[in-house]
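Next comes start32.txt, a file with compact mmCIF, C-alpha atoms and all ligand atoms.
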# COMPACT_ATOMS: atom_id res chain seq x y z
CA MET A 298 128.80 88.38 75.07
CA ALA A 299 127.66 87.68 71.52
CA ILE A 300 124.21 86.21 71.12
CA THR A 301 124.24 82.79 69.45
CA VAL A 302 121.44 80.61 68.19
CA LYS A 303 121.46 76.91 68.99
CA VAL A 304 119.73 74.87 66.30
CA CYS A 305 118.32 71.55 67.55
CA LYS A 306 118.06 68.98 64.80
CA ARG A 307 115.14 66.60 64.82
CA PRO A 308 116.18 62.94 64.63
CA GLU A 309 115.89 61.65 61.11
CA GLN A 310 115.17 58.06 62.08
CA GLN A 311 113.19 56.39 64.88
CA VAL A 312 114.90 56.79 68.28
CA SER A 313 114.16 55.48 71.74
CA TYR A 314 113.01 57.97 74.34
CA VAL A 315 113.92 55.66 77.24
CA ARG A 316 117.17 57.48 77.90
CA ALA A 317 115.44 60.90 78.02
CA ALA A 318 112.67 59.49 80.27
CA LEU A 319 115.24 58.02 82.67
CA LYS A 320 117.07 61.33 82.73
CA GLY A 321 113.85 63.12 83.70
CA MET A 322 113.04 60.53 86.39
CA ARG A 323 116.53 60.86 87.83
CA LEU A 324 115.93 64.58 88.24
CA THR A 325 112.52 63.97 89.85
CA PHE A 326 113.92 61.46 92.37
CA LYS A 327 116.79 63.79 93.15
CA HIS A 328 114.27 66.44 94.22
CA LEU A 329 112.34 63.91 96.33
CA LEU A 330 115.35 63.53 98.58
CA GLN A 331 116.01 67.23 98.97
CA PRO A 332 114.60 69.29 101.87
CA LYS A 333 111.06 70.62 101.31
CA PHE A 334 110.40 74.33 101.05
CA THR A 335 106.62 74.06 101.04
CA MET A 336 104.18 74.19 103.95
CA GLN A 337 100.77 72.49 104.19
CA TYR A 338 98.88 75.74 104.84
CA PRO A 339 96.40 76.20 106.51
CA GLU A 340 96.86 72.95 108.47
CA GLU A 341 100.42 74.07 109.21
CA LYS A 342 100.78 77.64 110.34
CA SER A 343 103.77 79.92 110.33
CA GLN A 344 106.80 78.90 112.24
CA ASP A 345 109.68 81.24 112.98
CA ASP A 346 111.20 80.91 109.52
CA TRP A 347 107.81 81.67 107.93
CA ALA A 348 106.96 84.64 110.15
CA LEU A 349 105.75 87.79 108.41
CA SER A 350 108.00 90.81 108.35
CA SER A 351 107.17 93.43 110.97
CA ARG A 352 106.79 95.78 107.98
CA TRP A 353 103.95 93.72 106.51
CA ARG A 354 100.95 95.87 105.59
CA GLY A 355 97.74 93.90 106.02
CA THR A 356 94.39 94.03 107.78
CA HIS A 357 93.80 97.37 109.48
CA ARG A 358 93.53 97.94 113.17
CA MET A 359 92.09 100.97 114.99
CA MET A 360 93.80 101.78 118.29
CA THR A 361 91.73 102.64 121.35
CA ASP A 362 92.38 104.58 124.57
CA GLU A 363 92.17 103.23 128.15
CA ALA A 364 88.40 103.76 128.12
CA GLY A 365 88.08 101.64 124.97
CA ARG A 366 87.22 104.64 122.76
CA SER A 367 88.75 104.94 119.31
CA LYS A 368 91.77 107.23 119.17
CA CYS A 369 90.51 108.69 115.91
CA VAL A 370 89.66 112.40 116.09
CA ALA A 371 87.95 112.42 112.70
CA CYS A 372 90.46 114.86 111.24
CA GLY A 373 89.76 113.57 107.73
CA LEU A 374 93.39 113.12 106.68
CA CYS A 375 93.27 109.39 106.00
CA PRO A 376 90.25 109.42 103.66
CA GLN A 377 91.85 112.42 101.96
CA ILE A 378 95.16 110.68 101.26
CA CYS A 379 93.81 107.19 100.55
CA PRO A 380 94.62 106.43 96.87
CA ALA A 381 91.97 103.69 96.71
CA ASN A 382 89.24 105.91 98.15
CA CYS A 383 88.21 103.07 100.45
CA ILE A 384 87.89 104.91 103.78
CA LYS A 385 84.47 106.26 104.73
CA LEU A 386 84.43 108.80 107.53
CA VAL A 387 81.48 110.69 108.96
CA PRO A 388 82.72 113.01 111.71
CA GLY A 389 80.81 113.90 114.84
CA GLU A 390 81.39 116.32 117.71
CA ASP A 391 80.50 115.98 121.40
CA GLU A 392 79.23 118.76 123.76
CA GLU A 393 82.83 119.73 124.59
CA GLY A 394 83.74 120.16 120.93
CA ASN A 395 85.78 116.95 120.69
CA ARG A 396 85.59 115.35 117.28
CA TYR A 397 85.09 111.63 116.88
CA PRO A 398 84.03 109.30 114.07
CA LEU A 399 80.30 108.69 113.84
CA ILE A 400 81.04 106.28 111.02
CA TYR A 401 84.48 104.98 110.16
CA GLU A 402 84.75 102.17 107.63
CA ILE A 403 87.52 100.67 105.53
CA ASP A 404 86.84 98.47 102.54
CA GLU A 405 89.67 95.96 102.83
CA PHE A 406 88.79 94.62 99.39
CA ARG A 407 89.51 97.92 97.66
CA CYS A 408 92.47 98.83 99.83
CA VAL A 409 95.90 98.60 98.19
CA PHE A 410 97.69 98.41 101.56
CA CYS A 411 99.96 101.33 100.83
CA GLY A 412 100.08 102.31 104.50
CA TYR A 413 99.49 106.03 103.80
CA CYS A 414 96.61 106.14 106.30
CA GLN A 415 98.93 104.96 109.07
CA GLU A 416 101.66 107.39 108.06
CA VAL A 417 99.38 110.41 107.91
CA CYS A 418 97.35 109.82 111.09
CA PRO A 419 98.27 112.47 113.68
CA GLU A 420 96.86 110.38 116.55
CA GLU A 421 98.48 107.07 115.53
CA ALA A 422 94.96 105.70 115.56
CA ILE A 423 94.66 103.76 112.32
CA HIS A 424 97.31 101.21 111.40
CA VAL A 425 97.89 98.57 108.78
CA GLY A 426 98.55 95.29 110.55
CA VAL A 427 100.86 92.30 110.36
CA HIS A 428 97.99 90.04 109.35
CA PHE A 429 96.68 88.54 106.11
CA GLU A 430 94.07 85.90 106.96
CA ASN A 431 91.04 88.01 106.15
CA ALA A 432 89.38 86.04 103.36
CA GLU A 433 85.57 86.20 103.21
CA TYR A 434 82.81 84.53 101.20
CA ASP A 435 80.77 87.73 100.92
CA ARG A 436 82.15 90.97 99.53
CA ALA A 437 80.19 93.05 102.04
CA ARG A 438 82.12 91.37 104.85
CA PHE A 439 85.30 93.11 103.65
CA VAL A 440 83.95 96.45 104.85
CA TYR A 441 85.29 96.77 108.38
CA ASP A 442 83.39 99.18 110.61
CA LEU A 443 84.85 100.97 113.63
CA GLU A 444 83.90 98.20 116.06
CA ARG A 445 85.53 95.52 113.95
CA LEU A 446 88.63 97.60 113.33
CA SER A 447 88.96 98.29 117.05
CA SER A 448 88.56 94.63 118.01
CA GLN A 449 91.56 93.48 115.94
CA THR A 450 94.42 92.29 118.11
CA HIS A 451 97.23 91.50 115.66
CA PRO A 452 100.49 93.51 115.74
CA VAL A 453 100.63 96.75 113.79
CA SER A 454 103.06 97.35 110.96
CA THR A 455 106.33 99.14 111.59
CA LEU A 456 106.24 100.30 107.94
CA TRP A 457 109.42 101.25 106.10
CA ASP A 458 111.93 103.21 108.11
CA PRO A 459 114.10 105.54 105.96
CA SER A 460 116.82 105.52 108.66
CA ASP A 461 116.96 101.72 108.48
CA PRO A 462 116.17 100.89 104.83
CA LYS A 463 117.19 97.22 105.09
CA GLY A 464 115.30 96.58 108.33
CA GLU A 465 118.39 95.57 110.28
S1 LIG B 501 96.43 101.33 103.29
FE1 LIG B 501 96.35 102.85 101.62
S2 LIG B 501 94.71 102.14 100.31
FE2 LIG B 501 94.46 101.07 102.26
S3 LIG B 501 93.04 102.31 103.45
FE3 LIG B 501 95.11 102.99 103.98
S4 LIG B 501 95.54 104.71 102.59
FE4 LIG B 501 93.80 103.57 101.75
S1 LIG B 502 93.97 110.29 110.08
FE1 LIG B 502 93.69 109.26 112.06
S2 LIG B 502 92.61 110.73 113.33
FE2 LIG B 502 92.41 111.42 111.20
S3 LIG B 502 90.46 110.52 110.47
FE3 LIG B 502 92.09 109.09 109.96
S4 LIG B 502 92.19 107.66 111.69
FE4 LIG B 502 91.05 109.43 112.36
Reformat the file's structure so that it appears as structure tokens.
Amino acid sequence: MAITVKVCKRPEQQVSYVRAALKGMRLTFKHLLQPKFTMQYPEEKSQDDWALSSRWRGTHRMMTDEAGRSKCVACGLCPQICPANCIKLVPGEDEEGNRYPLIYEIDEFRCVFCGYCQEVCPEEAIHVGVHFENAEYDRARFVYDLERLSSQTHPVSTLWDPSDPKGE
């Protein structure tokens, strides 16, 4: 299609803007009567039609075993792959040679929620979660230590599944 230029001429004499104002008001009132697509968050929380996708990548969660211990074996893969360099891991080892994290922290403020840590973890220990309400007043509060990561209870992300690209 050829590109055309529409030239709008300015009125050469005084004109009334009442007609244009009424036209605008008609449009405004038309929208007043239409169904609302907004939600008064946070007073109103998600209903079914506002639910997050199961693939949502948000606040992390560390999985624990039956004894309440972190499933992390301090292999070092997640801090290695993390593009934001926001995972701090200090590995430890018990008398039987089992590795575990002495320190495991994620800076949720620096995280880009790519989900690589979840994908790479051989123990399915660390996950991004279906959760976003993690605002804080203090930047230091965005650094989640092992205890805080383990105490999260929200669902974990299913991430993108190549065998089901549309999530059906
Ligand atoms: S989601 Fe991505 S950026 Fe965030 S901690 Fe995991 S690997 Fe790092
Ligand atoms: S990849 Fe998993 S097991 Fe390895 S350090 Fe990270 S959380 Fe721990």
Return as a PyMOL selection string every polymer residue, whether protein, DNA or RNA, with at least one atom no more than 10 Å from an atom of ligand LIG 502 (chain B); count only C-alpha atoms and all ligand atoms.
chain A and resi 358-360+367-379+384-388+396-398+401+413-424
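Pairwise distance (atom S1 of ligand LIG 501 (chain B), CA of Thr361 (chain A)) equals 18.7 Å.
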Kindly list the centre and edge lengths in Å, rounded to one decimal, for the axis-aligned box that covers all listed atoms of ligand LIG 501 (chain B) plus 4 Å on each of its six sides, as lines of an AutoDock Vina configuration file.
center_x = 94.7
center_y = 102.9
center_z = 102.1
size_x = 11.4
size_y = 11.6
size_z = 11.7
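Using only C-alpha atoms for every distance, the candidate list A:Arg438, A:His428, A:Arg352, A:His357 yields A:Arg352 as the residue closest to Leu456 (chain A).
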Counting all atoms listed in the file, the residue among A:Thr455, A:Thr301, A:Asn382, A:Gln337 that lies closest to ligand LIG 501 (chain B) is A:Asn382
Which one of A:Lys463, A:Arg436, A:Arg445, A:Arg407 sits closest to ligand LIG 501 (chain B) if you count only C-alpha atoms and all ligand atoms?
A:Arg407
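When CA of Pro452 (chain A) is paired with CA of Ala364 (chain A), their separation reads 20.1 Å.
Nearest to ligand LIG 501 (chain B) of all the residues A:Gly412, A:Pro459, A:Gly464, A:Gly321 is A:Gly412, based on all atoms listed in the file.
Nearest to ligand LIG 501 (chain B) of all the residues A:Ser460, A:Asn431, A:Thr356, A:Ser448 is A:Thr356, based on all atoms listed in the file.
Comparing A:Lys333, A:His451, A:Arg354, A:Arg366 by their smallest distance to ligand LIG 501 (chain B), the closest is A:Arg354 (using only C-alpha atoms and all ligand atoms).
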Correct to one decimal, the distance CA of Ser447 (chain A)-CA of Glu390 (chain A) is 19.6 Å
